[in-house]
>>> print(open('target.txt').read())   # compact mmCIF, N, CA and C atoms
# COMPACT_ATOMS: atom_id res chain seq x y z
N GLN Y 14 -21.50 -21.43 48.86
CA GLN Y 14 -20.60 -21.70 47.75
C GLN Y 14 -20.83 -20.65 46.67
N VAL Y 15 -19.73 -20.14 46.14
CA VAL Y 15 -19.78 -19.12 45.10
C VAL Y 15 -19.37 -19.75 43.78
N GLN Y 16 -20.08 -19.39 42.73
CA GLN Y 16 -19.74 -19.88 41.40
C GLN Y 16 -19.74 -18.74 40.39
N LEU Y 17 -18.90 -18.90 39.37
CA LEU Y 17 -18.87 -17.97 38.24
C LEU Y 17 -19.29 -18.74 37.00
N ALA Y 18 -20.29 -18.24 36.31
CA ALA Y 18 -20.79 -18.89 35.10
C ALA Y 18 -20.52 -17.99 33.91
N GLU Y 19 -19.72 -18.50 32.97
CA GLU Y 19 -19.35 -17.75 31.79
C GLU Y 19 -20.17 -18.19 30.59
N SER Y 20 -20.32 -17.28 29.64
CA SER Y 20 -20.96 -17.64 28.38
C SER Y 20 -20.52 -16.65 27.31
N GLY Y 21 -20.74 -17.02 26.05
CA GLY Y 21 -20.52 -16.09 24.97
C GLY Y 21 -19.35 -16.37 24.06
N GLY Y 22 -18.54 -17.38 24.35
CA GLY Y 22 -17.42 -17.68 23.47
C GLY Y 22 -17.89 -18.29 22.17
N GLY Y 23 -16.94 -18.51 21.25
CA GLY Y 23 -17.31 -19.11 19.98
C GLY Y 23 -16.27 -18.85 18.91
N LEU Y 24 -16.68 -19.11 17.68
CA LEU Y 24 -15.82 -18.94 16.52
C LEU Y 24 -16.29 -17.71 15.74
N VAL Y 25 -15.33 -16.86 15.39
CA VAL Y 25 -15.66 -15.64 14.66
C VAL Y 25 -14.52 -15.33 13.69
N GLN Y 26 -14.83 -14.67 12.61
CA GLN Y 26 -13.81 -14.26 11.66
C GLN Y 26 -13.09 -13.01 12.16
N ALA Y 27 -11.87 -12.86 11.72
CA ALA Y 27 -11.10 -11.67 12.06
C ALA Y 27 -11.88 -10.42 11.66
N GLY Y 28 -11.87 -9.45 12.57
CA GLY Y 28 -12.63 -8.24 12.35
C GLY Y 28 -14.01 -8.27 12.98
N GLY Y 29 -14.43 -9.45 13.40
CA GLY Y 29 -15.75 -9.60 13.99
C GLY Y 29 -15.78 -9.26 15.47
N SER Y 30 -16.94 -9.54 16.07
CA SER Y 30 -17.16 -9.19 17.48
C SER Y 30 -17.76 -10.36 18.24
N LEU Y 31 -17.48 -10.39 19.51
CA LEU Y 31 -18.10 -11.34 20.45
C LEU Y 31 -18.29 -10.62 21.77
N ARG Y 32 -19.25 -11.11 22.52
CA ARG Y 32 -19.49 -10.57 23.86
C ARG Y 32 -19.52 -11.70 24.86
N LEU Y 33 -18.65 -11.61 25.85
CA LEU Y 33 -18.60 -12.60 26.91
C LEU Y 33 -19.32 -12.05 28.14
N SER Y 34 -19.94 -12.96 28.87
CA SER Y 34 -20.56 -12.56 30.13
C SER Y 34 -20.16 -13.54 31.22
N CYS Y 35 -20.18 -13.04 32.44
CA CYS Y 35 -19.82 -13.85 33.61
C CYS Y 35 -20.70 -13.40 34.76
N ALA Y 36 -21.48 -14.34 35.29
CA ALA Y 36 -22.38 -14.04 36.39
C ALA Y 36 -21.94 -14.79 37.63
N ALA Y 37 -21.85 -14.08 38.73
CA ALA Y 37 -21.50 -14.68 40.01
C ALA Y 37 -22.78 -15.02 40.77
N SER Y 38 -22.77 -16.18 41.42
CA SER Y 38 -23.94 -16.58 42.19
C SER Y 38 -23.48 -17.28 43.47
N GLY Y 39 -24.41 -17.39 44.42
CA GLY Y 39 -24.10 -18.04 45.68
C GLY Y 39 -24.18 -17.06 46.83
N SER Y 40 -23.49 -17.38 47.90
CA SER Y 40 -23.49 -16.55 49.11
C SER Y 40 -22.49 -15.42 48.95
N ILE Y 41 -22.97 -14.33 48.39
CA ILE Y 41 -22.12 -13.19 48.06
C ILE Y 41 -22.40 -12.04 48.99
N PHE Y 42 -21.35 -11.59 49.67
CA PHE Y 42 -21.46 -10.44 50.57
C PHE Y 42 -20.77 -9.21 49.98
N SER Y 43 -19.69 -9.46 49.26
CA SER Y 43 -18.99 -8.34 48.63
C SER Y 43 -18.24 -8.84 47.41
N ILE Y 44 -18.21 -8.01 46.38
CA ILE Y 44 -17.42 -8.29 45.19
C ILE Y 44 -16.52 -7.10 44.93
N ASN Y 45 -15.24 -7.33 44.91
CA ASN Y 45 -14.31 -6.26 44.61
C ASN Y 45 -14.11 -6.22 43.11
N VAL Y 46 -13.03 -6.77 42.64
CA VAL Y 46 -12.72 -6.69 41.22
C VAL Y 46 -13.38 -7.84 40.47
N MET Y 47 -13.83 -7.56 39.27
CA MET Y 47 -14.31 -8.58 38.33
C MET Y 47 -13.59 -8.34 37.02
N GLY Y 48 -13.19 -9.42 36.37
CA GLY Y 48 -12.48 -9.21 35.12
C GLY Y 48 -12.24 -10.47 34.33
N TRP Y 49 -11.38 -10.32 33.33
CA TRP Y 49 -11.14 -11.38 32.37
C TRP Y 49 -9.64 -11.59 32.15
N TYR Y 50 -9.27 -12.85 32.09
CA TYR Y 50 -7.93 -13.27 31.71
C TYR Y 50 -8.08 -14.19 30.50
N ARG Y 51 -6.97 -14.43 29.83
CA ARG Y 51 -7.00 -15.38 28.72
C ARG Y 51 -5.70 -16.17 28.67
N GLN Y 52 -5.80 -17.35 28.09
CA GLN Y 52 -4.63 -18.21 27.95
C GLN Y 52 -4.65 -18.86 26.58
N ALA Y 53 -3.66 -18.52 25.78
CA ALA Y 53 -3.51 -19.12 24.46
C ALA Y 53 -2.64 -20.37 24.58
N PRO Y 54 -2.74 -21.29 23.64
CA PRO Y 54 -1.93 -22.52 23.69
C PRO Y 54 -0.44 -22.22 23.80
N GLY Y 55 0.21 -22.83 24.78
CA GLY Y 55 1.64 -22.65 24.95
C GLY Y 55 2.05 -21.35 25.60
N LYS Y 56 1.06 -20.56 26.04
CA LYS Y 56 1.38 -19.28 26.66
C LYS Y 56 0.83 -19.20 28.07
N GLN Y 57 1.35 -18.25 28.83
CA GLN Y 57 0.86 -18.05 30.19
C GLN Y 57 -0.47 -17.31 30.17
N ARG Y 58 -1.23 -17.52 31.22
CA ARG Y 58 -2.48 -16.79 31.37
C ARG Y 58 -2.15 -15.31 31.58
N GLU Y 59 -2.90 -14.43 30.92
CA GLU Y 59 -2.62 -13.00 31.00
C GLU Y 59 -3.90 -12.21 31.25
N LEU Y 60 -3.73 -11.07 31.87
CA LEU Y 60 -4.86 -10.17 32.12
C LEU Y 60 -5.34 -9.59 30.80
N VAL Y 61 -6.66 -9.57 30.63
CA VAL Y 61 -7.27 -8.87 29.49
C VAL Y 61 -7.81 -7.53 29.96
N ALA Y 62 -8.67 -7.58 30.97
CA ALA Y 62 -9.26 -6.35 31.51
C ALA Y 62 -9.92 -6.67 32.83
N HIS Y 63 -9.96 -5.66 33.71
CA HIS Y 63 -10.75 -5.83 34.91
C HIS Y 63 -11.33 -4.50 35.34
N ILE Y 64 -12.36 -4.60 36.18
CA ILE Y 64 -13.07 -3.42 36.65
C ILE Y 64 -13.38 -3.61 38.12
N THR Y 65 -13.13 -2.60 38.91
CA THR Y 65 -13.39 -2.68 40.34
C THR Y 65 -14.84 -2.27 40.63
N SER Y 66 -15.25 -2.47 41.86
CA SER Y 66 -16.61 -2.10 42.26
C SER Y 66 -16.82 -0.59 42.16
N GLU Y 67 -15.73 0.17 42.25
CA GLU Y 67 -15.84 1.64 42.12
C GLU Y 67 -15.80 2.09 40.67
N GLY Y 68 -15.57 1.14 39.76
CA GLY Y 68 -15.56 1.50 38.35
C GLY Y 68 -14.19 1.76 37.75
N TYR Y 69 -13.14 1.51 38.52
CA TYR Y 69 -11.79 1.68 37.97
C TYR Y 69 -11.53 0.54 37.00
N ILE Y 70 -11.02 0.86 35.81
CA ILE Y 70 -10.82 -0.12 34.74
C ILE Y 70 -9.37 -0.18 34.31
N ASN Y 71 -8.90 -1.38 34.06
CA ASN Y 71 -7.55 -1.58 33.55
C ASN Y 71 -7.61 -2.54 32.36
N TYR Y 72 -6.95 -2.18 31.28
CA TYR Y 72 -6.89 -3.02 30.09
C TYR Y 72 -5.46 -3.40 29.77
N SER Y 73 -5.32 -4.58 29.20
CA SER Y 73 -4.05 -4.95 28.60
C SER Y 73 -3.81 -4.05 27.39
N ASP Y 74 -2.56 -3.71 27.16
CA ASP Y 74 -2.24 -2.86 26.00
C ASP Y 74 -2.71 -3.48 24.69
N SER Y 75 -2.70 -4.81 24.63
CA SER Y 75 -3.03 -5.49 23.38
C SER Y 75 -4.51 -5.39 23.01
N VAL Y 76 -5.36 -5.01 23.95
CA VAL Y 76 -6.79 -4.94 23.66
C VAL Y 76 -7.37 -3.54 23.78
N LYS Y 77 -6.57 -2.60 24.22
CA LYS Y 77 -7.06 -1.22 24.38
C LYS Y 77 -7.62 -0.70 23.07
N GLY Y 78 -8.79 -0.08 23.16
CA GLY Y 78 -9.43 0.47 21.97
C GLY Y 78 -10.28 -0.53 21.21
N ARG Y 79 -10.17 -1.81 21.55
CA ARG Y 79 -10.96 -2.83 20.85
C ARG Y 79 -11.93 -3.54 21.80
N PHE Y 80 -11.53 -3.74 23.03
CA PHE Y 80 -12.35 -4.45 24.01
C PHE Y 80 -12.90 -3.45 25.03
N THR Y 81 -14.08 -3.75 25.55
CA THR Y 81 -14.69 -2.93 26.59
C THR Y 81 -15.22 -3.84 27.70
N VAL Y 82 -14.79 -3.57 28.91
CA VAL Y 82 -15.29 -4.32 30.06
C VAL Y 82 -16.31 -3.47 30.79
N SER Y 83 -17.37 -4.12 31.28
CA SER Y 83 -18.41 -3.42 32.03
C SER Y 83 -19.00 -4.38 33.06
N ARG Y 84 -19.69 -3.83 34.02
CA ARG Y 84 -20.28 -4.68 35.05
C ARG Y 84 -21.57 -4.06 35.57
N ASP Y 85 -22.40 -4.92 36.11
CA ASP Y 85 -23.63 -4.51 36.79
C ASP Y 85 -23.53 -5.05 38.20
N ASN Y 86 -23.30 -4.18 39.16
CA ASN Y 86 -23.12 -4.62 40.54
C ASN Y 86 -24.38 -5.27 41.10
N ALA Y 87 -25.54 -4.79 40.70
CA ALA Y 87 -26.79 -5.35 41.19
C ALA Y 87 -27.00 -6.78 40.71
N LYS Y 88 -26.47 -7.08 39.51
CA LYS Y 88 -26.63 -8.43 38.94
C LYS Y 88 -25.39 -9.30 39.14
N ASN Y 89 -24.37 -8.75 39.78
CA ASN Y 89 -23.12 -9.50 39.99
C ASN Y 89 -22.58 -10.07 38.68
N THR Y 90 -22.63 -9.26 37.67
CA THR Y 90 -22.27 -9.70 36.32
C THR Y 90 -21.25 -8.76 35.70
N VAL Y 91 -20.31 -9.36 34.97
CA VAL Y 91 -19.33 -8.59 34.21
C VAL Y 91 -19.37 -9.06 32.76
N TRP Y 92 -19.18 -8.12 31.85
CA TRP Y 92 -19.18 -8.43 30.42
C TRP Y 92 -17.85 -8.00 29.79
N LEU Y 93 -17.55 -8.62 28.68
CA LEU Y 93 -16.40 -8.21 27.89
C LEU Y 93 -16.86 -8.12 26.43
N GLN Y 94 -16.98 -6.92 25.93
CA GLN Y 94 -17.33 -6.70 24.53
C GLN Y 94 -16.03 -6.66 23.73
N MET Y 95 -15.91 -7.57 22.78
CA MET Y 95 -14.68 -7.68 22.00
C MET Y 95 -14.98 -7.34 20.55
N ASN Y 96 -14.41 -6.27 20.08
CA ASN Y 96 -14.58 -5.82 18.69
C ASN Y 96 -13.25 -5.89 17.95
N SER Y 97 -13.35 -5.84 16.65
CA SER Y 97 -12.14 -5.87 15.80
C SER Y 97 -11.21 -7.00 16.19
N LEU Y 98 -11.79 -8.17 16.35
CA LEU Y 98 -11.02 -9.31 16.81
C LEU Y 98 -9.93 -9.70 15.82
N LYS Y 99 -8.82 -10.14 16.38
CA LYS Y 99 -7.66 -10.57 15.60
C LYS Y 99 -7.39 -12.04 15.88
N THR Y 100 -6.67 -12.68 14.97
CA THR Y 100 -6.36 -14.10 15.18
C THR Y 100 -5.58 -14.31 16.47
N GLU Y 101 -4.78 -13.33 16.85
CA GLU Y 101 -4.00 -13.47 18.09
C GLU Y 101 -4.84 -13.34 19.36
N ASP Y 102 -6.11 -13.02 19.20
CA ASP Y 102 -7.01 -13.01 20.36
C ASP Y 102 -7.54 -14.41 20.68
N THR Y 103 -7.23 -15.37 19.84
CA THR Y 103 -7.67 -16.74 20.07
C THR Y 103 -7.09 -17.27 21.37
N ALA Y 104 -7.97 -17.73 22.25
CA ALA Y 104 -7.54 -18.20 23.57
C ALA Y 104 -8.76 -18.71 24.33
N VAL Y 105 -8.48 -19.33 25.47
CA VAL Y 105 -9.54 -19.61 26.43
C VAL Y 105 -9.61 -18.40 27.36
N TYR Y 106 -10.80 -17.85 27.48
CA TYR Y 106 -11.02 -16.66 28.30
C TYR Y 106 -11.64 -17.08 29.63
N TYR Y 107 -11.04 -16.59 30.70
CA TYR Y 107 -11.48 -16.93 32.05
C TYR Y 107 -11.97 -15.69 32.78
N CYS Y 108 -13.09 -15.84 33.42
CA CYS Y 108 -13.58 -14.81 34.32
C CYS Y 108 -12.90 -14.98 35.68
N ARG Y 109 -12.53 -13.88 36.26
CA ARG Y 109 -11.94 -13.90 37.60
C ARG Y 109 -12.61 -12.83 38.44
N SER Y 110 -12.87 -13.18 39.71
CA SER Y 110 -13.49 -12.21 40.59
C SER Y 110 -13.03 -12.42 42.03
N VAL Y 111 -12.93 -11.34 42.75
CA VAL Y 111 -12.63 -11.40 44.19
C VAL Y 111 -13.95 -11.19 44.91
N ILE Y 112 -14.42 -12.27 45.51
CA ILE Y 112 -15.74 -12.29 46.16
C ILE Y 112 -15.55 -12.71 47.60
N ASN Y 113 -16.10 -11.91 48.51
CA ASN Y 113 -15.95 -12.21 49.94
C ASN Y 113 -14.47 -12.38 50.30
N VAL Y 114 -13.65 -11.55 49.68
CA VAL Y 114 -12.20 -11.49 49.94
C VAL Y 114 -11.48 -12.76 49.47
N ARG Y 115 -12.12 -13.54 48.63
CA ARG Y 115 -11.49 -14.73 48.05
C ARG Y 115 -11.51 -14.63 46.54
N GLU Y 116 -10.54 -15.29 45.91
CA GLU Y 116 -10.43 -15.28 44.47
C GLU Y 116 -11.18 -16.47 43.88
N TYR Y 117 -11.96 -16.19 42.85
CA TYR Y 117 -12.69 -17.25 42.14
C TYR Y 117 -12.44 -17.12 40.65
N TRP Y 118 -12.44 -18.30 39.99
CA TRP Y 118 -12.24 -18.35 38.55
C TRP Y 118 -13.40 -19.11 37.90
N GLY Y 119 -13.77 -18.67 36.71
CA GLY Y 119 -14.73 -19.42 35.93
C GLY Y 119 -14.07 -20.60 35.25
N GLN Y 120 -14.88 -21.38 34.55
CA GLN Y 120 -14.37 -22.60 33.93
C GLN Y 120 -13.67 -22.33 32.61
N GLY Y 121 -13.85 -21.15 32.08
CA GLY Y 121 -13.22 -20.77 30.82
C GLY Y 121 -14.15 -20.96 29.63
N THR Y 122 -14.02 -20.08 28.66
CA THR Y 122 -14.80 -20.18 27.44
C THR Y 122 -13.86 -19.94 26.25
N GLN Y 123 -13.98 -20.79 25.24
CA GLN Y 123 -13.07 -20.71 24.10
C GLN Y 123 -13.50 -19.61 23.14
N VAL Y 124 -12.54 -18.80 22.75
CA VAL Y 124 -12.74 -17.80 21.70
C VAL Y 124 -11.74 -18.12 20.59
N THR Y 125 -12.25 -18.37 19.40
CA THR Y 125 -11.41 -18.68 18.26
C THR Y 125 -11.68 -17.68 17.15
N VAL Y 126 -10.62 -17.02 16.71
CA VAL Y 126 -10.73 -16.02 15.65
C VAL Y 126 -10.02 -16.56 14.41
N SER Y 127 -10.76 -16.73 13.34
CA SER Y 127 -10.19 -17.29 12.11
C SER Y 127 -9.82 -16.17 11.14
N SER Y 128 -8.83 -16.45 10.31
CA SER Y 128 -8.36 -15.43 9.36
C SER Y 128 -9.15 -15.46 8.07
>>> encode(input="target.txt", output="C-alpha cells")
Amino acid sequence: QVQLAESGGGLVQAGGSLRLSCAASGSIFSINVMGWYRQAPGKQRELVAHITSEGYINYSDSVKGRFTVSRDNAKNTVWLQMNSLKTEDTAVYYCRSVINVREYWGQGTQVTVSS
C-alpha cells in the first residue's frame, strides 16, 4: 500500500511564506511525477506545479516566480516553497504522485492567506 503524507499548511498573512512537504511511503518501485494541486472553495482543482523524476518542472502561470517545487528522489519527497503569498492562493493543497504507474493523492492541507 502506498501513502502520501502532507504537512506544512497553515495561516499566513499576505506577502508571507509557507513550505509544504509530501512524503511517499509503502511499496514503491518507481515514482514518475510528483506535484501539487489546489482547490479553492467553489472552484475546480487546478495544477500548481509538478516535477518529474528527470527534473522537468511545470508551474501554473499564477504561481510562476513565487512558488518553487523541488524533490528528493532518495527520500520520495516533494516540497512546495510558497513565497509572496496572496489571498487568492487560499485553498486546500493536494499532493499528487504517479507511483508504480498509478495515481495517488494526499489528503490535502489547508493554506489560508489573510489580507
>>> residues_around(input="target.txt", residues="stretch 84-95 of chain Y", least_positions_apart="6", cutoff="5 Å", atoms="all atoms listed in the file", output="CSV table (one decimal) with N, CA and C atoms, keeping the file's coordinate frame")
chain,number,residue,atom,x,y,z
Y,30,SER,N,-16.9,-9.5,16.1
Y,30,SER,CA,-17.2,-9.2,17.5
Y,30,SER,C,-17.8,-10.4,18.2
Y,31,LEU,N,-17.5,-10.4,19.5
Y,31,LEU,CA,-18.1,-11.3,20.4
Y,31,LEU,C,-18.3,-10.6,21.8
Y,32,ARG,N,-19.2,-11.1,22.5
Y,32,ARG,CA,-19.5,-10.6,23.9
Y,32,ARG,C,-19.5,-11.7,24.9
Y,33,LEU,N,-18.6,-11.6,25.8
Y,33,LEU,CA,-18.6,-12.6,26.9
Y,33,LEU,C,-19.3,-12.0,28.1
Y,34,SER,N,-19.9,-13.0,28.9
Y,34,SER,CA,-20.6,-12.6,30.1
Y,34,SER,C,-20.2,-13.5,31.2
Y,35,CYS,N,-20.2,-13.0,32.4
Y,35,CYS,CA,-19.8,-13.8,33.6
Y,35,CYS,C,-20.7,-13.4,34.8
Y,36,ALA,N,-21.5,-14.3,35.3
Y,36,ALA,CA,-22.4,-14.0,36.4
Y,36,ALA,C,-21.9,-14.8,37.6
Y,37,ALA,N,-21.8,-14.1,38.7
Y,37,ALA,CA,-21.5,-14.7,40.0
Y,37,ALA,C,-22.8,-15.0,40.8
>>> select_by_dssp(input="target.txt", residues="stretch 19-92 of chain Y", states="strand (DSSP E or B)", output="MDAnalysis selection string")
chainID Y and resid 19:20 23:26 31:39 44:52 59:64 70:72 80:85 90:92
>>> residues_around(input="target.txt", residues="Y:Ala27", least_positions_apart="2", cutoff="6 Å", atoms="all atoms listed in the file", output="PyMOL selection string")
chain Y and resi 25+29+97-100+126-128
>>> residues_around(input="target.txt", residues="Y:Tyr106", least_positions_apart="5", cutoff="9 Å", atoms="only C-alpha atoms", output="PyMOL selection string")
chain Y and resi 22+33+49-53+61+119-124
>>> atom_distance(input="target.txt", atom1="atom CA of Y:Lys77", atom2="atom CA of Y:Leu17")
24.7 Å
>>> atom_distance(input="target.txt", atom1="atom N of Y:Tyr107", atom2="atom CA of Y:Glu67")
22.0 Å
>>> atom_distance(input="target.txt", atom1="atom CA of Y:Val76", atom2="atom CA of Y:Tyr117")
23.0 Å
>>> build_atoms(input="target.txt", residues="stretch 23-34 of chain Y", atoms="all heavy atoms", output="short mmCIF file (atom, residue, chain, number, x, y, z; two decimals), in the coordinates of the input")
data_model
loop_
_atom_site.label_atom_id
_atom_site.label_comp_id
_atom_site.auth_asym_id
_atom_site.auth_seq_id
_atom_site.Cartn_x
_atom_site.Cartn_y
_atom_site.Cartn_z
N GLY Y 23 -16.94 -18.51 21.25
CA GLY Y 23 -17.31 -19.11 19.98
C GLY Y 23 -16.27 -18.85 18.91
O GLY Y 23 -15.15 -18.43 19.21
N LEU Y 24 -16.68 -19.11 17.68
CA LEU Y 24 -15.82 -18.94 16.52
C LEU Y 24 -16.29 -17.71 15.74
O LEU Y 24 -17.48 -17.56 15.47
CB LEU Y 24 -15.90 -20.18 15.62
CG LEU Y 24 -15.19 -20.12 14.27
CD1 LEU Y 24 -13.69 -19.98 14.46
CD2 LEU Y 24 -15.52 -21.36 13.45
N VAL Y 25 -15.33 -16.86 15.39
CA VAL Y 25 -15.66 -15.64 14.66
C VAL Y 25 -14.52 -15.33 13.69
O VAL Y 25 -13.36 -15.70 13.94
CB VAL Y 25 -15.89 -14.46 15.64
CG1 VAL Y 25 -14.62 -14.12 16.40
CG2 VAL Y 25 -16.47 -13.25 14.93
N GLN Y 26 -14.83 -14.67 12.61
CA GLN Y 26 -13.81 -14.26 11.66
C GLN Y 26 -13.09 -13.01 12.16
O GLN Y 26 -13.65 -12.22 12.92
CB GLN Y 26 -14.43 -13.98 10.29
CG GLN Y 26 -14.85 -15.23 9.53
CD GLN Y 26 -15.21 -14.93 8.10
OE1 GLN Y 26 -15.72 -13.86 7.79
NE2 GLN Y 26 -14.96 -15.88 7.21
N ALA Y 27 -11.87 -12.86 11.72
CA ALA Y 27 -11.10 -11.67 12.06
C ALA Y 27 -11.88 -10.42 11.66
O ALA Y 27 -12.49 -10.36 10.59
CB ALA Y 27 -9.75 -11.69 11.37
N GLY Y 28 -11.87 -9.45 12.57
CA GLY Y 28 -12.63 -8.24 12.35
C GLY Y 28 -14.01 -8.27 12.98
O GLY Y 28 -14.68 -7.23 13.06
N GLY Y 29 -14.43 -9.45 13.40
CA GLY Y 29 -15.75 -9.60 13.99
C GLY Y 29 -15.78 -9.26 15.47
O GLY Y 29 -14.80 -8.77 16.04
N SER Y 30 -16.94 -9.54 16.07
CA SER Y 30 -17.16 -9.19 17.48
C SER Y 30 -17.76 -10.36 18.24
O SER Y 30 -18.46 -11.21 17.65
CB SER Y 30 -18.11 -8.00 17.58
OG SER Y 30 -17.59 -6.85 16.97
N LEU Y 31 -17.48 -10.39 19.51
CA LEU Y 31 -18.10 -11.34 20.45
C LEU Y 31 -18.29 -10.62 21.77
O LEU Y 31 -17.56 -9.68 22.10
CB LEU Y 31 -17.22 -12.57 20.67
CG LEU Y 31 -17.18 -13.67 19.60
CD1 LEU Y 31 -16.14 -14.71 19.98
CD2 LEU Y 31 -18.55 -14.31 19.43
N ARG Y 32 -19.25 -11.11 22.52
CA ARG Y 32 -19.49 -10.57 23.86
C ARG Y 32 -19.52 -11.70 24.86
O ARG Y 32 -20.31 -12.64 24.73
CB ARG Y 32 -20.81 -9.81 23.90
CG ARG Y 32 -21.02 -9.01 25.18
CD ARG Y 32 -22.39 -8.40 25.22
NE ARG Y 32 -22.53 -7.37 26.25
CZ ARG Y 32 -23.65 -7.14 26.92
NH1 ARG Y 32 -24.73 -7.86 26.67
NH2 ARG Y 32 -23.71 -6.18 27.82
N LEU Y 33 -18.65 -11.61 25.85
CA LEU Y 33 -18.60 -12.60 26.91
C LEU Y 33 -19.32 -12.05 28.14
O LEU Y 33 -19.30 -10.85 28.40
CB LEU Y 33 -17.15 -12.91 27.29
CG LEU Y 33 -16.20 -13.34 26.17
CD1 LEU Y 33 -14.82 -13.66 26.75
CD2 LEU Y 33 -16.75 -14.52 25.41
N SER Y 34 -19.94 -12.96 28.87
CA SER Y 34 -20.56 -12.56 30.13
C SER Y 34 -20.16 -13.54 31.22
O SER Y 34 -19.85 -14.70 30.96
CB SER Y 34 -22.08 -12.52 30.00
OG SER Y 34 -22.60 -13.81 29.78
#
